[in-house]
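Undergrad: Pasting upload.csv here (CSV, C-alpha atoms):
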```csv
chain,number,residue,atom,x,y,z
A,7,MET,CA,16.5,-10.1,51.7
A,8,GLY,CA,13.4,-8.2,50.6
A,9,LEU,CA,10.9,-9.1,47.9
A,10,ALA,CA,12.2,-9.5,44.3
A,11,PRO,CA,12.0,-6.3,42.2
A,12,TRP,CA,9.4,-7.8,39.8
A,13,ARG,CA,6.9,-8.2,42.7
A,14,GLY,CA,5.8,-4.6,42.6
A,15,PRO,CA,4.9,-4.6,38.8
A,16,LEU,CA,3.2,-8.0,39.3
A,17,ALA,CA,1.2,-6.8,42.3
A,18,ARG,CA,0.1,-3.7,40.3
A,19,ALA,CA,-1.0,-5.9,37.4
A,20,LEU,CA,-3.0,-8.2,39.8
A,21,HIS,CA,-4.6,-5.2,41.4
A,22,ARG,CA,-5.5,-3.3,38.2
A,23,ASN,CA,-7.0,-6.5,36.6
A,24,ARG,CA,-8.8,-7.7,39.8
A,25,SER,CA,-12.3,-7.2,38.2
A,26,LEU,CA,-11.5,-10.1,35.9
A,27,VAL,CA,-11.6,-13.4,37.8
A,28,TYR,CA,-9.5,-15.0,35.0
A,29,SER,CA,-6.7,-12.5,35.6
A,30,ARG,CA,-5.5,-15.1,38.1
A,31,TYR,CA,-5.3,-17.8,35.4
A,32,ALA,CA,-2.0,-18.3,33.7
A,33,GLN,CA,-0.4,-20.9,31.4
A,34,LEU,CA,2.3,-23.2,32.6
A,35,ALA,CA,4.7,-24.9,30.2
A,36,THR,CA,6.5,-28.1,31.1
A,37,VAL,CA,8.6,-30.6,29.1
A,38,ASP,CA,7.9,-34.4,28.8
A,39,ALA,CA,10.4,-37.2,28.7
A,40,GLN,CA,10.4,-37.1,24.9
A,41,GLY,CA,11.5,-33.4,25.0
A,42,ARG,CA,8.2,-32.1,23.9
A,43,PRO,CA,6.5,-29.1,25.5
A,44,HIS,CA,3.1,-29.1,27.1
A,45,ASN,CA,1.0,-26.2,28.2
A,46,ARG,CA,-2.1,-25.7,30.3
A,47,THR,CA,-4.0,-23.1,32.2
A,48,ILE,CA,-3.6,-23.1,36.0
A,49,VAL,CA,-4.9,-20.8,38.8
A,50,PHE,CA,-2.6,-18.7,40.8
A,51,ARG,CA,-3.3,-19.3,44.5
A,52,GLY,CA,-1.0,-16.6,46.0
A,53,PHE,CA,2.6,-16.5,47.2
A,54,TYR,CA,4.1,-19.0,49.7
A,55,ARG,CA,4.3,-17.0,52.9
A,56,ASP,CA,6.7,-14.0,52.6
A,57,THR,CA,8.7,-15.6,49.7
A,58,ASP,CA,8.8,-15.0,45.9
A,59,THR,CA,7.4,-18.5,45.4
A,60,LEU,CA,4.1,-18.8,43.5
A,61,ALA,CA,1.7,-21.4,44.6
A,62,PHE,CA,-0.8,-23.5,42.6
A,63,VAL,CA,-2.6,-26.7,43.3
A,64,THR,CA,-2.5,-29.9,41.2
A,65,ASP,CA,-3.4,-33.5,41.1
A,66,ARG,CA,-0.4,-36.0,41.4
A,67,ARG,CA,-2.1,-38.2,38.8
A,68,SER,CA,-2.0,-35.4,36.1
A,69,GLU,CA,0.6,-35.6,33.3
A,70,LYS,CA,2.4,-32.4,34.4
A,71,VAL,CA,3.6,-34.2,37.6
A,72,GLN,CA,5.5,-36.8,35.5
A,73,HIS,CA,6.9,-34.0,33.4
A,74,ILE,CA,8.2,-32.1,36.5
A,75,HIS,CA,9.9,-35.3,37.8
A,76,HIS,CA,11.7,-35.5,34.5
A,77,GLN,CA,12.4,-31.8,34.0
A,78,PRO,CA,11.7,-29.5,37.0
A,79,TRP,CA,12.2,-26.3,35.0
A,80,GLY,CA,8.9,-24.6,33.9
A,81,GLU,CA,7.8,-21.3,32.5
A,82,LEU,CA,4.6,-19.6,33.4
A,83,CYS,CA,3.1,-17.1,30.8
A,84,TRP,CA,0.7,-14.7,32.4
A,85,TYR,CA,-1.2,-12.2,30.3
A,86,PHE,CA,-3.3,-9.4,31.9
A,87,PRO,CA,-6.0,-8.3,29.5
A,88,GLN,CA,-7.0,-5.0,31.2
A,89,THR,CA,-3.6,-3.5,31.3
A,90,ARG,CA,-2.2,-5.3,28.3
A,91,GLU,CA,0.9,-6.7,29.9
A,92,GLN,CA,2.6,-10.1,30.0
A,93,PHE,CA,4.8,-11.7,32.6
A,94,ARG,CA,6.9,-14.7,31.8
A,95,LEU,CA,8.2,-16.4,35.0
A,96,ALA,CA,10.7,-19.2,34.6
A,97,GLY,CA,12.2,-21.4,37.3
A,98,VAL,CA,12.2,-24.6,39.2
A,99,LEU,CA,8.9,-26.3,40.0
A,100,GLU,CA,8.5,-28.1,43.3
A,101,LEU,CA,5.7,-30.5,44.2
A,102,VAL,CA,4.3,-30.7,47.8
A,103,ASP,CA,2.4,-34.0,48.1
A,104,GLY,CA,1.5,-35.9,51.2
A,105,ALA,CA,5.1,-37.2,51.5
A,106,HIS,CA,6.9,-33.8,51.5
A,107,PRO,CA,9.1,-33.8,54.6
A,108,ASP,CA,8.8,-30.1,55.5
A,109,PRO,CA,6.1,-29.5,58.2
A,110,TRP,CA,5.7,-25.9,56.9
A,111,ALA,CA,5.0,-27.2,53.4
A,112,GLN,CA,2.5,-29.7,54.9
A,113,ALA,CA,0.8,-26.9,56.7
A,114,GLU,CA,0.6,-24.9,53.5
A,115,ARG,CA,-0.9,-28.0,51.7
A,116,GLN,CA,-3.6,-28.3,54.4
A,117,GLU,CA,-4.4,-24.6,54.1
A,118,ARG,CA,-4.6,-24.6,50.3
A,119,TRP,CA,-7.0,-27.6,50.6
A,120,GLN,CA,-9.2,-25.7,53.1
A,121,ALA,CA,-9.1,-22.6,50.9
A,122,LEU,CA,-10.5,-24.4,47.8
A,123,SER,CA,-14.2,-24.1,47.0
A,124,GLU,CA,-16.4,-27.1,47.4
A,125,ALA,CA,-16.4,-27.6,43.6
A,126,GLY,CA,-12.6,-27.3,43.5
A,127,ARG,CA,-12.2,-30.0,46.1
A,128,GLN,CA,-14.8,-32.3,44.4
A,129,GLN,CA,-12.5,-32.4,41.3
A,130,PHE,CA,-9.9,-34.3,43.4
A,131,LEU,CA,-12.5,-37.0,44.0
A,132,TRP,CA,-12.9,-37.7,40.2
A,133,PRO,CA,-11.2,-40.7,38.5
A,134,HIS,CA,-7.8,-40.5,37.0
A,135,PRO,CA,-7.4,-37.3,34.9
A,136,GLY,CA,-6.8,-37.9,31.2
A,137,GLN,CA,-8.0,-41.5,31.1
A,138,PRO,CA,-11.1,-42.5,29.1
A,139,ARG,CA,-14.3,-41.5,30.7
A,140,THR,CA,-16.4,-44.5,31.6
A,141,GLY,CA,-19.4,-42.9,33.2
A,142,ASP,CA,-20.7,-39.9,35.2
A,143,LEU,CA,-18.3,-38.2,37.6
A,144,PRO,CA,-19.3,-38.0,41.2
A,145,ALA,CA,-21.0,-34.6,41.4
A,146,ASN,CA,-21.8,-34.2,45.1
A,147,ALA,CA,-19.7,-36.7,47.0
A,148,PRO,CA,-18.8,-35.5,50.5
A,149,VAL,CA,-15.3,-34.0,50.5
A,150,PRO,CA,-12.8,-35.0,53.2
A,151,ILE,CA,-11.5,-32.5,55.7
A,152,HIS,CA,-7.9,-33.6,55.0
A,153,PRO,CA,-6.6,-33.5,51.4
A,154,PRO,CA,-6.4,-36.8,49.6
A,155,GLU,CA,-2.9,-38.2,49.0
A,156,HIS,CA,-2.8,-37.1,45.4
A,157,PHE,CA,-3.6,-33.5,46.2
A,158,CYS,CA,-0.5,-31.4,45.7
A,159,VAL,CA,0.6,-27.9,46.1
A,160,LEU,CA,2.8,-26.8,43.2
A,161,TRP,CA,5.5,-24.2,43.7
A,162,LEU,CA,7.2,-22.1,41.1
A,163,HIS,CA,10.5,-20.6,42.3
A,164,PRO,CA,11.2,-17.9,39.6
A,165,GLN,CA,14.8,-17.2,38.5
A,166,HIS,CA,14.0,-15.3,35.2
A,167,VAL,CA,11.1,-12.9,34.8
A,168,ASP,CA,10.3,-11.1,31.5
A,169,HIS,CA,7.8,-8.3,31.7
A,170,LEU,CA,6.3,-6.8,28.5
A,171,GLU,CA,4.0,-3.8,28.5
A,172,LEU,CA,2.1,-3.7,25.2
A,173,ARG,CA,0.5,-0.3,26.0
A,174,GLY,CA,2.3,2.6,24.4
A,175,GLN,CA,4.0,2.6,21.1
A,176,PRO,CA,6.8,1.7,21.3
A,177,GLN,CA,6.3,-1.0,24.0
A,178,ASN,CA,8.4,-1.6,27.1
A,179,ARG,CA,10.1,-4.8,28.2
A,180,TYR,CA,12.2,-5.6,31.2
A,181,CYS,CA,14.3,-8.7,31.9
A,182,TYR,CA,14.8,-9.7,35.6
A,183,ARG,CA,17.4,-12.3,36.5
A,184,GLN,CA,18.3,-13.9,39.8
A,185,THR,CA,22.0,-14.1,40.5
A,186,PRO,CA,23.6,-17.2,42.1
A,187,LEU,CA,23.6,-15.1,45.4
A,188,GLY,CA,19.9,-14.7,45.2
A,189,ASP,CA,19.6,-11.0,44.4
A,190,TRP,CA,18.2,-9.7,41.2
A,191,THR,CA,19.3,-7.7,38.2
A,192,VAL,CA,17.0,-5.8,35.8
A,193,VAL,CA,17.7,-4.7,32.3
A,194,ALA,CA,15.4,-2.9,29.8
A,195,ILE,CA,15.3,-4.9,26.6
A,196,ASN,CA,13.9,-4.5,23.1
A,197,PRO,CA,10.3,-5.8,22.8
B,9,MET,CA,-10.8,-34.9,3.5
B,10,GLY,CA,-13.0,-32.4,5.4
B,11,LEU,CA,-12.0,-30.2,8.3
B,12,ALA,CA,-10.8,-31.8,11.5
B,13,PRO,CA,-13.6,-32.6,14.1
B,14,TRP,CA,-12.2,-30.1,16.6
B,15,ARG,CA,-12.7,-27.2,14.1
B,16,GLY,CA,-16.4,-27.0,15.0
B,17,PRO,CA,-15.9,-26.6,18.8
B,18,LEU,CA,-13.0,-24.1,18.2
B,19,ALA,CA,-15.1,-22.1,15.7
B,20,ARG,CA,-17.9,-21.9,18.2
B,21,ALA,CA,-15.5,-20.8,21.0
B,22,LEU,CA,-14.1,-18.0,18.7
B,23,HIS,CA,-17.6,-16.9,17.8
B,24,ARG,CA,-19.0,-16.8,21.3
B,25,ASN,CA,-15.9,-15.0,22.7
B,26,ARG,CA,-15.6,-12.5,19.8
B,27,SER,CA,-16.5,-9.5,21.9
B,28,LEU,CA,-13.1,-9.9,23.7
B,29,VAL,CA,-10.3,-8.9,21.4
B,30,TYR,CA,-7.9,-11.0,23.5
B,31,SER,CA,-9.9,-14.2,22.8
B,32,ARG,CA,-7.6,-14.4,19.8
B,33,TYR,CA,-4.5,-14.4,22.0
B,34,ALA,CA,-3.1,-17.8,23.1
B,35,GLN,CA,0.1,-19.1,24.7
B,36,LEU,CA,2.7,-21.0,22.7
B,37,ALA,CA,5.1,-23.4,24.4
B,38,THR,CA,8.4,-24.3,22.8
B,39,VAL,CA,11.6,-26.1,24.1
B,40,ASP,CA,15.1,-24.7,23.9
B,41,ALA,CA,18.4,-26.6,23.1
B,42,GLN,CA,18.9,-27.1,26.9
B,43,GLY,CA,15.5,-28.9,27.1
B,44,ARG,CA,13.8,-26.1,29.0
B,45,PRO,CA,10.3,-24.9,28.1
B,46,HIS,CA,9.4,-21.3,27.1
B,47,ASN,CA,6.0,-19.8,26.8
B,48,ARG,CA,4.6,-16.6,25.4
B,49,THR,CA,1.4,-15.0,24.2
B,50,ILE,CA,0.8,-15.0,20.4
B,51,VAL,CA,-2.0,-13.7,18.2
B,52,PHE,CA,-4.1,-16.1,16.2
B,53,ARG,CA,-4.2,-14.8,12.6
B,54,GLY,CA,-6.6,-17.4,11.1
B,55,PHE,CA,-6.2,-20.7,9.3
B,56,TYR,CA,-4.0,-21.3,6.3
B,57,ARG,CA,-6.5,-21.5,3.4
B,58,ASP,CA,-8.8,-24.5,3.7
B,59,THR,CA,-6.5,-26.5,6.0
B,60,ASP,CA,-6.4,-27.2,9.7
B,61,THR,CA,-3.2,-25.3,10.0
B,62,LEU,CA,-3.2,-22.3,12.4
B,63,ALA,CA,-1.3,-19.2,11.3
B,64,PHE,CA,0.6,-16.6,13.4
B,65,VAL,CA,3.3,-14.1,12.6
B,66,THR,CA,6.7,-13.8,14.2
B,67,ASP,CA,10.2,-12.2,14.0
B,68,ARG,CA,13.0,-14.5,12.8
B,69,ARG,CA,15.2,-12.8,15.3
B,70,SER,CA,13.0,-13.9,18.3
B,71,GLU,CA,14.2,-16.7,20.5
B,72,LYS,CA,11.3,-19.0,19.6
B,73,VAL,CA,12.7,-19.4,16.1
B,74,GLN,CA,15.9,-20.9,17.4
B,75,HIS,CA,13.8,-23.2,19.6
B,76,ILE,CA,11.7,-24.4,16.7
B,77,HIS,CA,14.8,-25.2,14.6
B,78,HIS,CA,15.9,-27.4,17.5
B,79,GLN,CA,12.5,-28.9,18.4
B,80,PRO,CA,9.7,-28.3,15.9
B,81,TRP,CA,7.0,-29.7,18.2
B,82,GLY,CA,5.0,-27.0,20.1
B,83,GLU,CA,1.8,-26.8,22.1
B,84,LEU,CA,-0.6,-23.9,22.1
B,85,CYS,CA,-2.8,-23.3,25.1
B,86,TRP,CA,-5.9,-21.3,24.3
B,87,TYR,CA,-8.3,-20.2,27.1
B,88,PHE,CA,-11.6,-18.6,26.2
B,89,PRO,CA,-12.8,-16.6,29.2
B,90,GLN,CA,-16.4,-16.0,28.2
B,91,THR,CA,-17.3,-19.6,27.7
B,92,ARG,CA,-14.8,-21.0,30.2
B,93,GLU,CA,-13.2,-23.5,27.9
B,94,GLN,CA,-9.6,-24.4,27.0
B,95,PHE,CA,-8.1,-25.9,23.8
B,96,ARG,CA,-4.6,-27.3,23.9
B,97,LEU,CA,-3.3,-27.8,20.3
B,98,ALA,CA,0.0,-29.7,19.9
B,99,GLY,CA,1.9,-30.4,16.7
B,100,VAL,CA,4.7,-29.4,14.4
B,101,LEU,CA,5.6,-25.8,14.0
B,102,GLU,CA,6.7,-24.5,10.6
B,103,LEU,CA,8.3,-21.2,9.8
B,104,VAL,CA,7.7,-19.4,6.5
B,105,ASP,CA,10.5,-16.8,6.1
B,106,GLY,CA,11.6,-15.1,2.9
B,107,ALA,CA,13.5,-18.2,1.8
B,108,HIS,CA,10.6,-20.7,2.0
B,109,PRO,CA,10.4,-22.4,-1.4
B,110,ASP,CA,6.6,-22.8,-1.7
B,111,PRO,CA,5.1,-19.9,-3.8
B,112,TRP,CA,1.7,-20.4,-2.0
B,113,ALA,CA,3.5,-20.0,1.3
B,114,GLN,CA,5.2,-16.8,0.1
B,115,ALA,CA,1.8,-15.5,-1.1
B,116,GLU,CA,0.4,-16.2,2.4
B,117,ARG,CA,3.4,-14.4,3.9
B,118,GLN,CA,2.8,-11.3,1.7
B,119,GLU,CA,-0.9,-11.4,2.7
B,120,ARG,CA,-0.3,-11.6,6.4
B,121,TRP,CA,2.1,-8.6,6.1
B,122,GLN,CA,-0.5,-6.6,4.3
B,123,ALA,CA,-3.2,-7.6,6.9
B,124,LEU,CA,-1.1,-6.3,9.9
B,125,SER,CA,-2.0,-2.9,11.3
B,126,GLU,CA,0.5,-0.1,10.9
B,127,ALA,CA,1.5,-0.5,14.5
B,128,GLY,CA,2.0,-4.2,14.0
B,129,ARG,CA,4.3,-3.7,11.0
B,130,GLN,CA,6.3,-1.0,12.9
B,131,GLN,CA,7.4,-3.6,15.4
B,132,PHE,CA,9.3,-5.4,12.7
B,133,LEU,CA,11.4,-2.3,12.2
B,134,TRP,CA,12.6,-2.3,15.8
B,135,PRO,CA,16.1,-3.5,16.8
B,136,HIS,CA,16.8,-7.1,17.7
B,137,PRO,CA,14.1,-8.4,20.2
B,138,GLY,CA,15.4,-9.4,23.6
B,139,GLN,CA,18.7,-7.5,23.4
B,140,PRO,CA,19.4,-4.6,25.8
B,141,ARG,CA,17.6,-1.4,24.8
B,142,THR,CA,20.0,1.3,23.9
B,143,GLY,CA,17.6,4.1,23.1
B,144,ASP,CA,14.2,5.0,21.7
B,145,LEU,CA,12.6,2.7,19.2
B,146,PRO,CA,11.5,4.1,15.9
B,147,ALA,CA,7.9,5.0,16.5
B,148,ASN,CA,6.7,6.3,13.1
B,149,ALA,CA,9.2,5.1,10.5
B,150,PRO,CA,7.7,4.4,7.1
B,151,VAL,CA,6.8,0.7,6.7
B,152,PRO,CA,7.8,-1.1,3.5
B,153,ILE,CA,5.2,-2.6,1.2
B,154,HIS,CA,7.0,-5.9,1.1
B,155,PRO,CA,7.8,-7.7,4.4
B,156,PRO,CA,11.4,-7.5,5.7
B,157,GLU,CA,13.4,-10.6,5.5
B,158,HIS,CA,12.9,-11.5,9.2
B,159,PHE,CA,9.2,-11.3,9.0
B,160,CYS,CA,7.8,-14.9,9.2
B,161,VAL,CA,4.5,-16.6,9.2
B,162,LEU,CA,4.5,-19.4,11.8
B,163,TRP,CA,2.3,-22.4,11.2
B,164,LEU,CA,1.0,-24.9,13.7
B,165,HIS,CA,-0.1,-28.2,12.2
B,166,PRO,CA,-2.0,-29.8,15.1
B,167,GLN,CA,-1.9,-33.6,15.7
B,168,HIS,CA,-3.3,-33.7,19.3
B,169,VAL,CA,-6.1,-31.4,20.5
B,170,ASP,CA,-7.4,-31.5,24.1
B,171,HIS,CA,-10.7,-29.6,24.7
B,172,LEU,CA,-11.8,-28.9,28.3
B,173,GLU,CA,-15.1,-27.3,29.1
B,174,LEU,CA,-15.1,-25.9,32.6
B,175,ARG,CA,-18.7,-25.0,32.6
B,176,GLY,CA,-20.9,-27.5,34.3
B,177,GLN,CA,-20.1,-29.7,37.2
B,178,PRO,CA,-18.7,-32.1,36.4
B,179,GLN,CA,-16.7,-30.8,33.5
B,180,ASN,CA,-16.3,-32.2,30.0
B,181,ARG,CA,-13.0,-33.0,28.3
B,182,TYR,CA,-12.3,-34.5,24.8
B,183,CYS,CA,-9.1,-35.8,23.3
B,184,TYR,CA,-8.7,-35.6,19.5
B,185,ARG,CA,-5.8,-37.4,17.9
B,186,GLN,CA,-4.7,-37.5,14.3
B,187,THR,CA,-3.9,-41.0,12.9
B,188,PRO,CA,-0.9,-41.6,10.6
B,189,LEU,CA,-3.4,-41.6,7.7
B,190,GLY,CA,-4.5,-38.1,8.6
B,191,ASP,CA,-8.0,-38.7,9.9
B,192,TRP,CA,-9.0,-38.1,13.5
B,193,THR,CA,-10.2,-40.0,16.5
B,194,VAL,CA,-12.0,-38.4,19.5
B,195,VAL,CA,-12.5,-39.8,23.0
B,196,ALA,CA,-14.2,-38.3,26.1
B,197,ILE,CA,-11.7,-38.3,28.9
B,198,ASN,CA,-11.7,-37.5,32.6
B,199,PRO,CA,-11.1,-33.8,33.3
```
Write out the structure in this file as structure tokens.
TA:
Amino acid sequence: MGLAPWRGPLARALHRNRSLVYSRYAQLATVDAQGRPHNRTIVFRGFYRDTDTLAFVTDRRSEKVQHIHHQPWGELCWYFPQTREQFRLAGVLELVDGAHPDPWAQAERQERWQALSEAGRQQFLWPHPGQPRTGDLPANAPVPIHPPEHFCVLWLHPQHVDHLELRGQPQNRYCYRQTPLGDWTVVAINP
Amino acid sequence: MGLAPWRGPLARALHRNRSLVYSRYAQLATVDAQGRPHNRTIVFRGFYRDTDTLAFVTDRRSEKVQHIHHQPWGELCWYFPQTREQFRLAGVLELVDGAHPDPWAQAERQERWQALSEAGRQQFLWPHPGQPRTGDLPANAPVPIHPPEHFCVLWLHPQHVDHLELRGQPQNRYCYRQTPLGDWTVVAINP
């Protein structure tokens, strides 16, 4: 099976917005055990090999990890300022921590750790995210070659994709849906 | 009671990012009746009078309105690219449609309609959002002086605010919480 049909428009958006470093930032919504939504900015790290799975990195100690254990469905909202278009990608979130059994996933986790900047890796040496700050954070501690246990790759396996183009009056909007067989339908919808 | 303590940092972020029109765009997460999160970009329209309530506009026919009836709690994620900082504002969402009983709210709804651009008002004349597109959308229909019934103001009454400053190594993060009495606490937390 080839790439999903929304991959072309998304690749174009990434290319046309490449001058903005923050065009790789998007907002991920999750739901907590009380049924309330949470939303934060995360950095797109690329696709997992030749799949349609988006890769991010996260800290197992962060709140979103508890949310995902409770409700694995998430939605990413990704706005591209230069081309004025939005992708909403919804699907199942999967965490790859040090205990994930798949050796390919572990290799991916190692590679994502190596690919992080020094400053990016430093953040995983900081104390528990979200807890009261009790002093200075280690700024220049040596970073290990292998990722710490709490370093996770986070995968989003999209099943619904909503693409809105604000340019033009009227606008264009397309809804992509994955069927149970794994292929995709696309419909033009009202913005 | 004065303005909430997060209003100063948010006002500074808005001011310092004012050269980017999209610094007024943020992502709102809601939860549907199946307990799944949804996430979309919305435009900040200012505060409601001299309160800490953020105002947006929306279409009563959009999916988020059904979500809010089911679960009024929402979280807005607002990233400011120029200053590299993020605000997450969580609280109760309130819809002001044509049936809202408060005359002040109705006055606000009228004002927000008048303040929209011609193109912004045109969008409320389009057919049902999210349904299959069956033809061209009206591009230059005359817009009414009074808002259509499905034009809503959407209010977010924040109760938790999380402010993350990415600039600097290490970063800074602050957690603001409203107490049941309506005043606010603030704590520095680990990023």
Undergrad: Which residues of chain A have any atom within 7 Å of an atom in chain B when counting only C-alpha atoms, and what is the closest pair of atoms for each, with the distance in Å to one decimal? Order the rows by chain and rising number and write it as a Markdown table.
TA:
```
| residue | atom | partner | partner_atom | distance |
| --- | --- | --- | --- | --- |
| A:Tyr28 | CA | B:Pro89 | CA | 6.9 |
| A:Gln33 | CA | B:Gln35 | CA | 7.0 |
| A:Ala35 | CA | B:Pro45 | CA | 6.0 |
| A:Thr36 | CA | B:Pro45 | CA | 5.8 |
| A:Val37 | CA | B:Pro45 | CA | 6.0 |
| A:Gly41 | CA | B:Gly43 | CA | 6.4 |
| A:Arg42 | CA | B:Trp81 | CA | 6.3 |
| A:Pro43 | CA | B:Thr38 | CA | 5.8 |
| A:His44 | CA | B:Glu83 | CA | 5.7 |
| A:Asn45 | CA | B:Cys85 | CA | 5.7 |
| A:Arg46 | CA | B:Cys85 | CA | 5.8 |
| A:Trp79 | CA | B:Arg44 | CA | 6.2 |
| A:Gly80 | CA | B:Pro45 | CA | 6.0 |
| A:Glu81 | CA | B:His46 | CA | 5.6 |
| A:Leu82 | CA | B:Asn47 | CA | 6.7 |
| A:Cys83 | CA | B:Arg48 | CA | 5.6 |
| A:Pro87 | CA | B:Tyr30 | CA | 6.8 |
| A:Pro133 | CA | B:Asn198 | CA | 6.7 |
| A:His134 | CA | B:Asn198 | CA | 6.6 |
| A:Pro135 | CA | B:Asn198 | CA | 4.9 |
| A:Gly136 | CA | B:Asn198 | CA | 5.1 |
| A:Gln137 | CA | B:Ile197 | CA | 5.4 |
| A:Pro138 | CA | B:Ile197 | CA | 4.2 |
| A:Arg139 | CA | B:Ile197 | CA | 4.5 |
| A:Leu143 | CA | B:Pro178 | CA | 6.2 |
| A:Ala145 | CA | B:Pro178 | CA | 6.0 |
| A:Gln175 | CA | B:Ala147 | CA | 6.5 |
| A:Pro176 | CA | B:Ala147 | CA | 5.9 |
| A:Val193 | CA | B:Pro140 | CA | 6.7 |
| A:Ala194 | CA | B:Arg141 | CA | 5.7 |
| A:Ile195 | CA | B:Pro140 | CA | 4.2 |
| A:Asn196 | CA | B:Pro137 | CA | 4.9 |
| A:Pro197 | CA | B:Pro137 | CA | 5.3 |
```
Undergrad: Show me, as JSON, numbers by chain, the residues that have an atom within 9 Å of Pro11 in chain A when counting all atoms listed in the file, minus same-chain residues fewer than 5 positions from it.
TA: {"A": [182, 190, 191, 192]}
Undergrad: Measuring atom to atom with only C-alpha atoms, identify which of A:Gln72, A:Ser25, A:Ser123, A:Thr57 is nearest to Gly8 in chain A.
TA: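 Of A:Gln72, A:Ser25, A:Ser123, A:Thr57, the one nearest Gly8 in chain A is A:Thr57, counting only C-alpha atoms.
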Undergrad: Neighbours of His156 in chain A within 12 Å (only C-alpha atoms; same-chain residues fewer than 6 positions away dropped), as a PyMOL selection string?
TA: chain A and resi 63-68+71+101-106+115+119+127+129-135
Undergrad: Report, in Å to a single decimal, how far apart CA of His169 in chain A and CA of Gly54 in chain B are.
TA: 26.7 Å
Undergrad: Would you compute the distance between CA of Pro153 in chain A and CA of Trp110 in chain A? Give it in Å to one decimal.
TA: 15.5 Å
Undergrad: Which neighbours of Trp161 in chain A fall inside 8 Å, counting all atoms listed in the file, when residues of the same chain fewer than 5 positions from it are skipped, and could you give them as a PDB file with C-alpha atoms, in the frame of the given file?
TA:
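File result-v4.pdb, as written:
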```pdb
ATOM      1  CA  THR A  59       7.400 -18.500  45.400  1.00  0.00           C
ATOM      2  CA  LEU A  60       4.100 -18.800  43.500  1.00  0.00           C
ATOM      3  CA  ALA A  61       1.700 -21.400  44.600  1.00  0.00           C
ATOM      4  CA  PHE A  62      -0.800 -23.500  42.600  1.00  0.00           C
ATOM      5  CA  LEU A  99       8.900 -26.300  40.000  1.00  0.00           C
ATOM      6  CA  GLU A 100       8.500 -28.100  43.300  1.00  0.00           C
ATOM      7  CA  LEU A 101       5.700 -30.500  44.200  1.00  0.00           C
ATOM      8  CA  VAL A 102       4.300 -30.700  47.800  1.00  0.00           C
TER       9      VAL A 102
END
```
Undergrad: So the first atom is CA of Leu172 in chain A and the second is CA of Trp12 in chain A; what is the distance between them in Å, to one decimal place?
TA: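 Taking CA of Leu172 in chain A and CA of Trp12 in chain A, their separation equals 16.8 Å.
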Undergrad: Just checking: using all atoms listed in the file, which residue out of A:Asp189, A:Glu69, A:Glu171, A:Asp56 ends up closest to Ala19 in chain A?
TA: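 Of A:Asp189, A:Glu69, A:Glu171, A:Asp56, the one nearest Ala19 in chain A, counting all atoms listed in the file, is A:Glu171.
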